[in-house]
Amino acid sequence: MQIEDAQMPRCSAVDESTVARISSIRLGLPHLGLHGLSENWVLRECGDKHWSAIATALERPPESTFDRNGNRLYASIFGLTIRGPIQNFGEGDEVEISLNDSGFVSASRYYSSQIVKNQTGTNAVRVDLLSVFVRRKKCGDNQSLFPSCPSQFPQSRKNTYRANSDVGDIDLSLRTAQNGFADGNNGSAHFEYVYSPSPIADFNAAALFYFAEYPSLIDRAEWLLYRDLSLLRPKTLERQIAYFGSPNLGDDLRVELFPVQSPPGELRHIVRVSEASSHRLLARAYTTKLIVDQAEKLSFGGTELGGSGLVTAISPTDAKSQFAE
């Protein structure tokens, strides 16, 4: 049920001092994976800073963010890039997470760039996030997600949208991802599996499939393809994910892996995630991993990866993002 503007709850301002632009943490096992930083933890931590920065900019907490018709809005991540050698971090390392850059780039989109680095600055990982405010047209139905704008911007924030080349790069990556990243291949996945998300473990409190869970789907595809402990050596150097929607509770997901010809010492692939029944596109990811032993070769059905060659990718799709303005 919609509520009128006059009935909107009063919103308490968010004190900017509560949003630390730099935070420090000593890494322990909860922050780490088999090879260095846990990608899931990094994305959750950076996501929290991103949403805190939005709350500061709007001078209201997330639970008090509505559009002009009284619909609750959610700042949903629809694009991310993570770059850097996550394998170069270990237990006991003192690290800083800094919010280097952030701001509204439109009335509904917010951008942040964050750096995770050790005390000496010799190891650093960069995380760029782009979110858009969405609401549901139909209660409980994630297929009805639709972009919207907050009802009230603080006077100081009106018409102060930022132009940033990094945001442009992400937008370009999103548009490219929507069209399949690039022409090439015949659109047939080399490997696929069906995943049944847990409503308890994989969804957040807004009943949206959590953005930080997608790298696990991607890495699971690699593991199911190889099932070889000796091939667990590749380390993530870069991952780009474009999000086009969210499954509903109870939906199964189809995860398809498409090999990409890679330069020496690297493993590259594209993964497409869609609803298993409707084939509705939910996300695409482009991943580059470092093969520690460059003599180590990974093969997709006779297609050797690790050799030279230009990047090719899956064929375009006419799928449309629910998050498009």
# chains A, B, ... in the order shown; residues from 1 in each chain; ligands from 1

call {"tool": "select_by_dssp", "arguments": {"residues": "stretch 32-176 of chain A", "states": "strand (DSSP E or B)", "output": "ChimeraX atom specification"}}
result
/A:32-33,36-37,66,72,74-83,94-104,109-118,124-136,145-147

call {"tool": "write_last_selection", "arguments": {"atoms": "N, CA and C atoms", "output": "compact mmCIF listing (two decimals), in the first residue's frame"}}
result
# COMPACT_ATOMS: atom_id res chain seq x y z
N LEU A 32 39.40 -14.11 5.37
CA LEU A 32 40.27 -14.72 4.37
C LEU A 32 39.63 -15.94 3.73
N GLY A 33 40.07 -16.22 2.51
CA GLY A 33 39.69 -17.43 1.81
C GLY A 33 40.90 -18.32 1.65
N GLY A 36 44.24 -15.79 0.14
CA GLY A 36 44.20 -14.36 0.46
C GLY A 36 42.83 -13.88 0.91
N LEU A 37 42.53 -12.61 0.57
CA LEU A 37 41.29 -12.00 1.02
C LEU A 37 40.07 -12.78 0.53
N PHE A 66 12.32 6.80 0.78
CA PHE A 66 11.11 6.54 0.01
C PHE A 66 11.09 7.39 -1.24
N ARG A 72 9.07 2.25 -0.47
CA ARG A 72 10.40 2.04 0.08
C ARG A 72 11.38 1.80 -1.07
N TYR A 74 15.39 0.81 -2.35
CA TYR A 74 16.59 0.06 -2.00
C TYR A 74 17.70 0.45 -2.98
N ALA A 75 18.86 0.79 -2.44
CA ALA A 75 20.01 1.12 -3.29
C ALA A 75 20.67 -0.18 -3.71
N SER A 76 20.26 -0.69 -4.86
CA SER A 76 20.70 -2.00 -5.32
C SER A 76 21.96 -1.87 -6.18
N ILE A 77 22.97 -2.68 -5.88
CA ILE A 77 24.20 -2.68 -6.67
C ILE A 77 23.88 -3.26 -8.05
N PHE A 78 24.23 -2.52 -9.10
CA PHE A 78 24.01 -3.09 -10.43
C PHE A 78 25.28 -3.08 -11.29
N GLY A 79 26.39 -2.71 -10.70
CA GLY A 79 27.66 -2.82 -11.38
C GLY A 79 28.80 -2.78 -10.39
N LEU A 80 29.79 -3.65 -10.57
CA LEU A 80 30.96 -3.61 -9.69
C LEU A 80 32.19 -4.06 -10.46
N THR A 81 33.31 -3.54 -10.03
CA THR A 81 34.62 -4.01 -10.49
C THR A 81 35.52 -4.15 -9.27
N ILE A 82 36.20 -5.29 -9.18
CA ILE A 82 37.19 -5.48 -8.13
C ILE A 82 38.51 -5.84 -8.82
N ARG A 83 39.55 -5.06 -8.50
CA ARG A 83 40.85 -5.24 -9.15
C ARG A 83 41.94 -5.29 -8.10
N GLU A 94 47.55 -6.02 8.97
CA GLU A 94 46.77 -4.84 9.31
C GLU A 94 46.40 -4.14 8.01
N VAL A 95 45.11 -3.96 7.75
CA VAL A 95 44.69 -3.34 6.50
C VAL A 95 43.79 -2.14 6.76
N GLU A 96 43.76 -1.25 5.80
CA GLU A 96 42.87 -0.09 5.82
C GLU A 96 41.89 -0.19 4.66
N ILE A 97 40.67 0.18 4.91
CA ILE A 97 39.67 0.30 3.85
C ILE A 97 39.29 1.77 3.76
N SER A 98 39.59 2.38 2.65
CA SER A 98 39.36 3.82 2.50
C SER A 98 38.32 4.08 1.41
N LEU A 99 37.38 4.97 1.73
CA LEU A 99 36.39 5.42 0.76
C LEU A 99 37.00 6.62 0.05
N ASN A 100 37.61 6.36 -1.10
CA ASN A 100 38.38 7.39 -1.80
C ASN A 100 37.51 8.37 -2.56
N ASP A 101 36.41 7.88 -3.08
CA ASP A 101 35.59 8.73 -3.95
C ASP A 101 34.15 8.22 -3.90
N SER A 102 33.19 9.14 -3.84
CA SER A 102 31.79 8.73 -3.82
C SER A 102 30.91 9.92 -4.15
N GLY A 103 29.70 9.63 -4.64
CA GLY A 103 28.76 10.71 -4.91
C GLY A 103 27.65 10.28 -5.84
N PHE A 104 26.59 11.06 -5.88
CA PHE A 104 25.49 10.82 -6.80
C PHE A 104 25.93 11.20 -8.21
N ARG A 109 21.27 7.20 -9.10
CA ARG A 109 22.49 6.38 -9.11
C ARG A 109 23.56 6.98 -8.20
N TYR A 110 24.28 6.07 -7.53
CA TYR A 110 25.35 6.50 -6.62
C TYR A 110 26.58 5.64 -6.90
N TYR A 111 27.75 6.28 -6.86
CA TYR A 111 29.02 5.63 -7.17
C TYR A 111 29.96 5.74 -5.98
N SER A 112 30.74 4.68 -5.75
CA SER A 112 31.81 4.76 -4.76
C SER A 112 33.02 3.98 -5.25
N SER A 113 34.19 4.45 -4.85
CA SER A 113 35.45 3.77 -5.14
C SER A 113 36.19 3.61 -3.82
N GLN A 114 36.59 2.38 -3.51
CA GLN A 114 37.24 2.09 -2.24
C GLN A 114 38.52 1.30 -2.46
N ILE A 115 39.47 1.51 -1.55
CA ILE A 115 40.76 0.83 -1.62
C ILE A 115 40.98 0.03 -0.34
N VAL A 116 41.33 -1.22 -0.51
CA VAL A 116 41.73 -2.08 0.61
C VAL A 116 43.23 -2.29 0.48
N LYS A 117 44.01 -1.82 1.47
CA LYS A 117 45.46 -1.93 1.35
C LYS A 117 46.09 -2.27 2.68
N ASN A 118 47.31 -2.84 2.61
CA ASN A 118 48.04 -3.12 3.84
C ASN A 118 48.72 -1.85 4.33
N ALA A 124 47.32 -3.68 -2.62
CA ALA A 124 46.07 -2.91 -2.64
C ALA A 124 45.07 -3.54 -3.59
N VAL A 125 43.81 -3.51 -3.17
CA VAL A 125 42.70 -3.97 -4.00
C VAL A 125 41.71 -2.82 -4.11
N ARG A 126 41.23 -2.56 -5.32
CA ARG A 126 40.28 -1.48 -5.54
C ARG A 126 38.89 -2.06 -5.85
N VAL A 127 37.87 -1.49 -5.23
CA VAL A 127 36.49 -1.92 -5.45
C VAL A 127 35.67 -0.71 -5.87
N ASP A 128 35.09 -0.77 -7.06
CA ASP A 128 34.19 0.27 -7.56
C ASP A 128 32.77 -0.28 -7.57
N LEU A 129 31.83 0.45 -7.00
CA LEU A 129 30.44 0.03 -6.93
C LEU A 129 29.54 1.11 -7.53
N LEU A 130 28.52 0.69 -8.25
CA LEU A 130 27.52 1.59 -8.79
C LEU A 130 26.14 1.03 -8.43
N SER A 131 25.34 1.85 -7.76
CA SER A 131 24.02 1.39 -7.32
C SER A 131 22.93 2.26 -7.92
N VAL A 132 21.73 1.73 -7.92
CA VAL A 132 20.57 2.47 -8.39
C VAL A 132 19.42 2.20 -7.42
N PHE A 133 18.64 3.23 -7.13
CA PHE A 133 17.48 3.05 -6.26
C PHE A 133 16.38 2.32 -7.03
N VAL A 134 15.85 1.26 -6.43
CA VAL A 134 14.77 0.50 -7.05
C VAL A 134 13.63 0.31 -6.05
N ARG A 135 12.46 0.06 -6.59
CA ARG A 135 11.29 -0.29 -5.80
C ARG A 135 10.57 -1.42 -6.52
N ARG A 136 9.64 -2.05 -5.82
CA ARG A 136 8.84 -3.09 -6.44
C ARG A 136 7.49 -2.53 -6.86
N LEU A 145 10.89 -5.19 -10.11
CA LEU A 145 11.80 -4.14 -9.68
C LEU A 145 11.86 -3.03 -10.73
N PHE A 146 11.88 -1.80 -10.25
CA PHE A 146 11.81 -0.66 -11.17
C PHE A 146 12.61 0.50 -10.57
N PRO A 147 13.43 1.21 -11.37
CA PRO A 147 14.20 2.34 -10.85
C PRO A 147 13.30 3.47 -10.38

call {"tool": "atom_distance", "arguments": {"atom1": "atom CA of A:Val260", "atom2": "atom CA of A:Ile86"}}
result
21.7 Å

call {"tool": "residues_around", "arguments": {"residues": "stretch 214-229 of chain A", "least_positions_apart": "2", "cutoff": "9 Å", "atoms": "only C-alpha atoms", "output": "list in words"}}
result
Glu39, Asn40, Phe191, Glu192, Tyr193, Tyr195, Phe209, Tyr210, Phe211, Ala212, Leu231, Leu232, Arg233, Arg239, Ile241, Val255, Glu256, Leu257, Ile270, Val271, Arg272, Val273, Ala283, Ala285, Thr287 and Phe300 of chain A

call {"tool": "atom_distance", "arguments": {"atom1": "atom CA of A:His50", "atom2": "atom CA of A:Gly250"}}
result
28.4 Å

call {"tool": "atom_distance", "arguments": {"atom1": "atom CA of A:Arg254", "atom2": "atom CA of A:His279"}}
result
7.9 Å
